[in-house]
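Single-structure report; data block below.
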Amino acid sequence: MAGDKTFTMIKPDAVVNHHSGAIIDLILREGFKIKALKLTQLSVEKAKEFYAVHNDKPFFDSLIAYMSSGPIISMILEKEDCVQVFRDFIGTTNPADAAEGTIRNLYGTSIENNAVHGSDSDENATIESDFHFSSDERY
Ligand code: CMP
């Protein structure tokens with residue numbers, strides 16, 4: 001059975017360009033409940049750890065520089081079949097291909113600066129949530 005939680009980050013480009021409020025508003029209007037939320041900045045080390053699965057990719061160094069370059073807003077969200085429903089809601093990795101009205105279509109500017117992250121499986125939603133939030137930081 002699909003899980004009811006996912007993990008997301010509003011990425012530095014979207015935070016710095018003042019899109020956080022609009023993105024959170026869209027998330028809430030879509031019926032996701034926020035179970036945890038914080039504004040933080042990833043160190044280079046933390047960004048490398050979070051994206052370790054991509055460490056052999058040609059874009060890895062650029063991704064780490066970008067993700068540690070400014071503030072992020074990380075959240076745990078709740079909704080039925082949350083991982084897949086949220087991935088559909090944010091759109092494809094590359095904003096150029098993202099369906100109209102999705103978060104990445106609205107606020108992403110490149111395949112790297114794609115405004116938000118969304119977990120790709122229930123297992124990774126748990127791992128990523130635990131990476132960012134302790135048990136007493138969740139509602
Ligand atoms: P995200 O869903 O957070 O997962 C990995 C991130 O790497 C992705 O969003 C993009 O920000 C980035 N990414 C994925 N593919 C590429 C690519 N081909 N070139 C540059 N960045 C990429």
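Numbering starts fresh at 1 for the residues of each chain in the structure tokens, the chains themselves are lettered A, B, ... in the order given, and ligands are numbered from 1 as they appear.
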
For region 78-93 of chain A: contacts at 12 Å, only C-alpha atoms, fewer than 5 positions along chain excluded, given as a PyMOL selection string: chain A and resi 1-10+23-24+26-36+98-126+129+138-139

Residues of chain A classed as helix (DSSP H, G or I) by DSSP on the backbone are to be reported as a compact mmCIF listing (two decimals) with N, CA and C atoms, in the first residue's frame.
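Output saved as out.txt:
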```
# COMPACT_ATOMS: atom_id res chain seq x y z
N PRO A 12 16.87 26.74 -3.35
CA PRO A 12 17.37 28.12 -3.17
C PRO A 12 16.87 29.12 -4.22
N ASP A 13 16.77 28.72 -5.48
CA ASP A 13 16.33 29.71 -6.48
C ASP A 13 14.92 30.20 -6.20
N ALA A 14 14.04 29.28 -5.80
CA ALA A 14 12.65 29.66 -5.55
C ALA A 14 12.52 30.47 -4.26
N VAL A 15 13.34 30.14 -3.24
CA VAL A 15 13.28 30.91 -1.99
C VAL A 15 13.81 32.32 -2.23
N VAL A 16 14.97 32.42 -2.87
CA VAL A 16 15.61 33.72 -3.10
C VAL A 16 14.75 34.61 -4.00
N SER A 20 8.38 31.22 -2.29
CA SER A 20 8.02 30.24 -1.24
C SER A 20 6.57 30.33 -0.83
N GLY A 21 6.08 31.55 -0.62
CA GLY A 21 4.70 31.73 -0.17
C GLY A 21 3.71 31.18 -1.18
N ALA A 22 3.93 31.50 -2.45
CA ALA A 22 3.02 31.01 -3.50
C ALA A 22 3.07 29.49 -3.59
N ILE A 23 4.27 28.92 -3.47
CA ILE A 23 4.41 27.46 -3.57
C ILE A 23 3.72 26.78 -2.39
N ILE A 24 3.93 27.28 -1.19
CA ILE A 24 3.28 26.68 -0.01
C ILE A 24 1.76 26.82 -0.13
N ASP A 25 1.29 27.95 -0.62
CA ASP A 25 -0.14 28.15 -0.81
C ASP A 25 -0.71 27.10 -1.78
N LEU A 26 -0.03 26.86 -2.89
CA LEU A 26 -0.50 25.86 -3.86
C LEU A 26 -0.52 24.46 -3.23
N ILE A 27 0.52 24.16 -2.45
CA ILE A 27 0.60 22.85 -1.79
C ILE A 27 -0.60 22.65 -0.86
N LEU A 28 -0.91 23.67 -0.05
CA LEU A 28 -2.03 23.57 0.89
C LEU A 28 -3.36 23.49 0.16
N ARG A 29 -3.52 24.30 -0.88
CA ARG A 29 -4.79 24.29 -1.64
C ARG A 29 -5.01 22.95 -2.34
N VAL A 44 27.77 22.27 2.38
CA VAL A 44 28.25 21.45 1.25
C VAL A 44 28.22 19.97 1.64
N GLU A 45 28.66 19.68 2.86
CA GLU A 45 28.69 18.28 3.31
C GLU A 45 27.31 17.66 3.36
N LYS A 46 26.35 18.43 3.91
CA LYS A 46 24.97 17.92 4.03
C LYS A 46 24.35 17.73 2.64
N ALA A 47 24.62 18.67 1.73
CA ALA A 47 24.08 18.56 0.38
C ALA A 47 24.64 17.31 -0.31
N LYS A 48 25.94 17.05 -0.12
CA LYS A 48 26.57 15.85 -0.70
C LYS A 48 25.94 14.58 -0.15
N GLU A 49 25.65 14.60 1.15
CA GLU A 49 25.05 13.43 1.79
C GLU A 49 23.62 13.22 1.26
N PHE A 50 22.87 14.31 1.17
CA PHE A 50 21.48 14.19 0.73
C PHE A 50 21.40 13.66 -0.70
N ALA A 52 23.74 11.94 -2.35
CA ALA A 52 24.81 10.96 -2.58
C ALA A 52 24.51 10.01 -3.74
N VAL A 53 23.25 9.70 -3.96
CA VAL A 53 22.87 8.78 -5.04
C VAL A 53 23.26 9.32 -6.42
N HIS A 54 23.48 10.64 -6.50
CA HIS A 54 23.85 11.26 -7.78
C HIS A 54 25.35 11.54 -7.89
N PHE A 60 26.74 16.57 -10.67
CA PHE A 60 26.79 16.49 -9.21
C PHE A 60 27.42 17.73 -8.57
N ASP A 61 28.60 18.15 -9.02
CA ASP A 61 29.29 19.28 -8.38
C ASP A 61 28.46 20.55 -8.48
N SER A 62 27.86 20.75 -9.64
CA SER A 62 27.02 21.93 -9.84
C SER A 62 25.79 21.87 -8.94
N LEU A 63 25.19 20.68 -8.84
CA LEU A 63 24.01 20.51 -7.98
C LEU A 63 24.34 20.82 -6.52
N ILE A 64 25.50 20.35 -6.07
CA ILE A 64 25.89 20.58 -4.67
C ILE A 64 26.15 22.08 -4.44
N ALA A 65 26.83 22.72 -5.37
CA ALA A 65 27.08 24.17 -5.23
C ALA A 65 25.76 24.93 -5.17
N TYR A 66 24.85 24.56 -6.04
CA TYR A 66 23.55 25.22 -6.08
C TYR A 66 22.75 24.97 -4.81
N MET A 67 22.65 23.71 -4.38
CA MET A 67 21.79 23.39 -3.23
C MET A 67 22.33 23.92 -1.91
N CYS A 82 0.85 9.82 -1.17
CA CYS A 82 1.49 11.14 -1.18
C CYS A 82 2.66 11.27 -2.16
N VAL A 83 3.53 10.27 -2.21
CA VAL A 83 4.74 10.40 -3.05
C VAL A 83 4.35 10.61 -4.51
N GLN A 84 3.48 9.75 -5.03
CA GLN A 84 3.12 9.85 -6.46
C GLN A 84 2.27 11.08 -6.74
N VAL A 85 1.33 11.36 -5.84
CA VAL A 85 0.44 12.51 -6.05
C VAL A 85 1.26 13.80 -6.04
N PHE A 86 2.24 13.88 -5.14
CA PHE A 86 3.07 15.09 -5.08
C PHE A 86 3.98 15.19 -6.31
N ARG A 87 4.51 14.06 -6.78
CA ARG A 87 5.37 14.11 -7.97
C ARG A 87 4.57 14.56 -9.20
N ASP A 88 3.34 14.09 -9.30
CA ASP A 88 2.49 14.56 -10.40
C ASP A 88 2.21 16.06 -10.26
N PHE A 89 2.03 16.50 -9.03
CA PHE A 89 1.70 17.90 -8.75
C PHE A 89 2.87 18.84 -9.08
N ILE A 90 4.11 18.41 -8.84
CA ILE A 90 5.25 19.30 -9.09
C ILE A 90 5.72 19.24 -10.55
N PRO A 95 11.80 21.58 -15.93
CA PRO A 95 10.64 22.47 -16.02
C PRO A 95 10.17 22.69 -17.46
N ALA A 96 11.09 22.58 -18.43
CA ALA A 96 10.71 22.78 -19.83
C ALA A 96 9.71 21.74 -20.31
N ASP A 97 9.72 20.56 -19.65
CA ASP A 97 8.79 19.49 -20.04
C ASP A 97 7.61 19.36 -19.09
N ILE A 103 4.17 22.95 -10.29
CA ILE A 103 5.07 23.87 -9.59
C ILE A 103 6.33 24.15 -10.42
N ARG A 104 6.88 23.09 -11.01
CA ARG A 104 8.12 23.30 -11.78
C ARG A 104 7.84 24.07 -13.06
N ASN A 105 6.68 23.86 -13.64
CA ASN A 105 6.29 24.65 -14.82
C ASN A 105 6.17 26.13 -14.44
N LEU A 106 5.61 26.38 -13.27
CA LEU A 106 5.36 27.77 -12.86
C LEU A 106 6.62 28.47 -12.36
N TYR A 107 7.45 27.72 -11.61
CA TYR A 107 8.54 28.39 -10.89
C TYR A 107 9.94 27.86 -11.20
N ASP A 122 8.37 5.78 -1.26
CA ASP A 122 8.02 5.84 0.18
C ASP A 122 9.27 5.66 1.04
N GLU A 123 10.14 4.75 0.61
CA GLU A 123 11.36 4.49 1.37
C GLU A 123 12.21 5.75 1.45
N ASN A 124 12.40 6.42 0.32
CA ASN A 124 13.21 7.64 0.32
C ASN A 124 12.51 8.79 1.04
N ALA A 125 11.19 8.81 1.02
CA ALA A 125 10.45 9.84 1.78
C ALA A 125 10.79 9.73 3.26
N THR A 126 10.87 8.50 3.76
CA THR A 126 11.21 8.29 5.18
C THR A 126 12.67 8.66 5.44
N ILE A 127 13.56 8.21 4.57
CA ILE A 127 14.99 8.51 4.75
C ILE A 127 15.23 10.02 4.71
N GLU A 128 14.63 10.69 3.74
CA GLU A 128 14.85 12.13 3.56
C GLU A 128 14.20 12.94 4.69
N SER A 129 13.03 12.51 5.15
CA SER A 129 12.37 13.18 6.27
C SER A 129 13.24 13.06 7.54
N ASP A 130 13.77 11.86 7.76
CA ASP A 130 14.62 11.64 8.94
C ASP A 130 15.93 12.42 8.84
N PHE A 131 16.39 12.63 7.62
CA PHE A 131 17.63 13.39 7.40
C PHE A 131 17.44 14.85 7.84
N HIS A 132 16.26 15.39 7.63
CA HIS A 132 16.01 16.82 7.88
C HIS A 132 15.31 17.12 9.20
N SER A 135 12.37 13.77 15.63
CA SER A 135 10.98 13.38 15.95
C SER A 135 10.23 14.52 16.64
N ASP A 136 10.92 15.37 17.41
CA ASP A 136 10.20 16.45 18.10
C ASP A 136 10.03 17.69 17.22
N GLU A 137 10.42 17.62 15.96
CA GLU A 137 10.19 18.73 15.03
C GLU A 137 8.99 18.46 14.12
```

Between A:Ser69, A:Thr40, A:Tyr51, A:Leu77, which residue has the minimum interatomic distance to ligand 1, considering only C-alpha atoms and all ligand atoms?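 Between A:Ser69, A:Thr40, A:Tyr51, A:Leu77, the residue approaching ligand 1 most closely is A:Tyr51.
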
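Nearest residue to ligand 1, choosing from A:Asn94, A:Ser43, A:Leu37, A:His18 and counting only C-alpha atoms and all ligand atoms: A:Asn94.
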
Report, in Å to a single decimal, how far apart CA of Phe59 (chain A) and atom 21 (N, counted along the ligand's line) of ligand 1 are. 5.3 Å
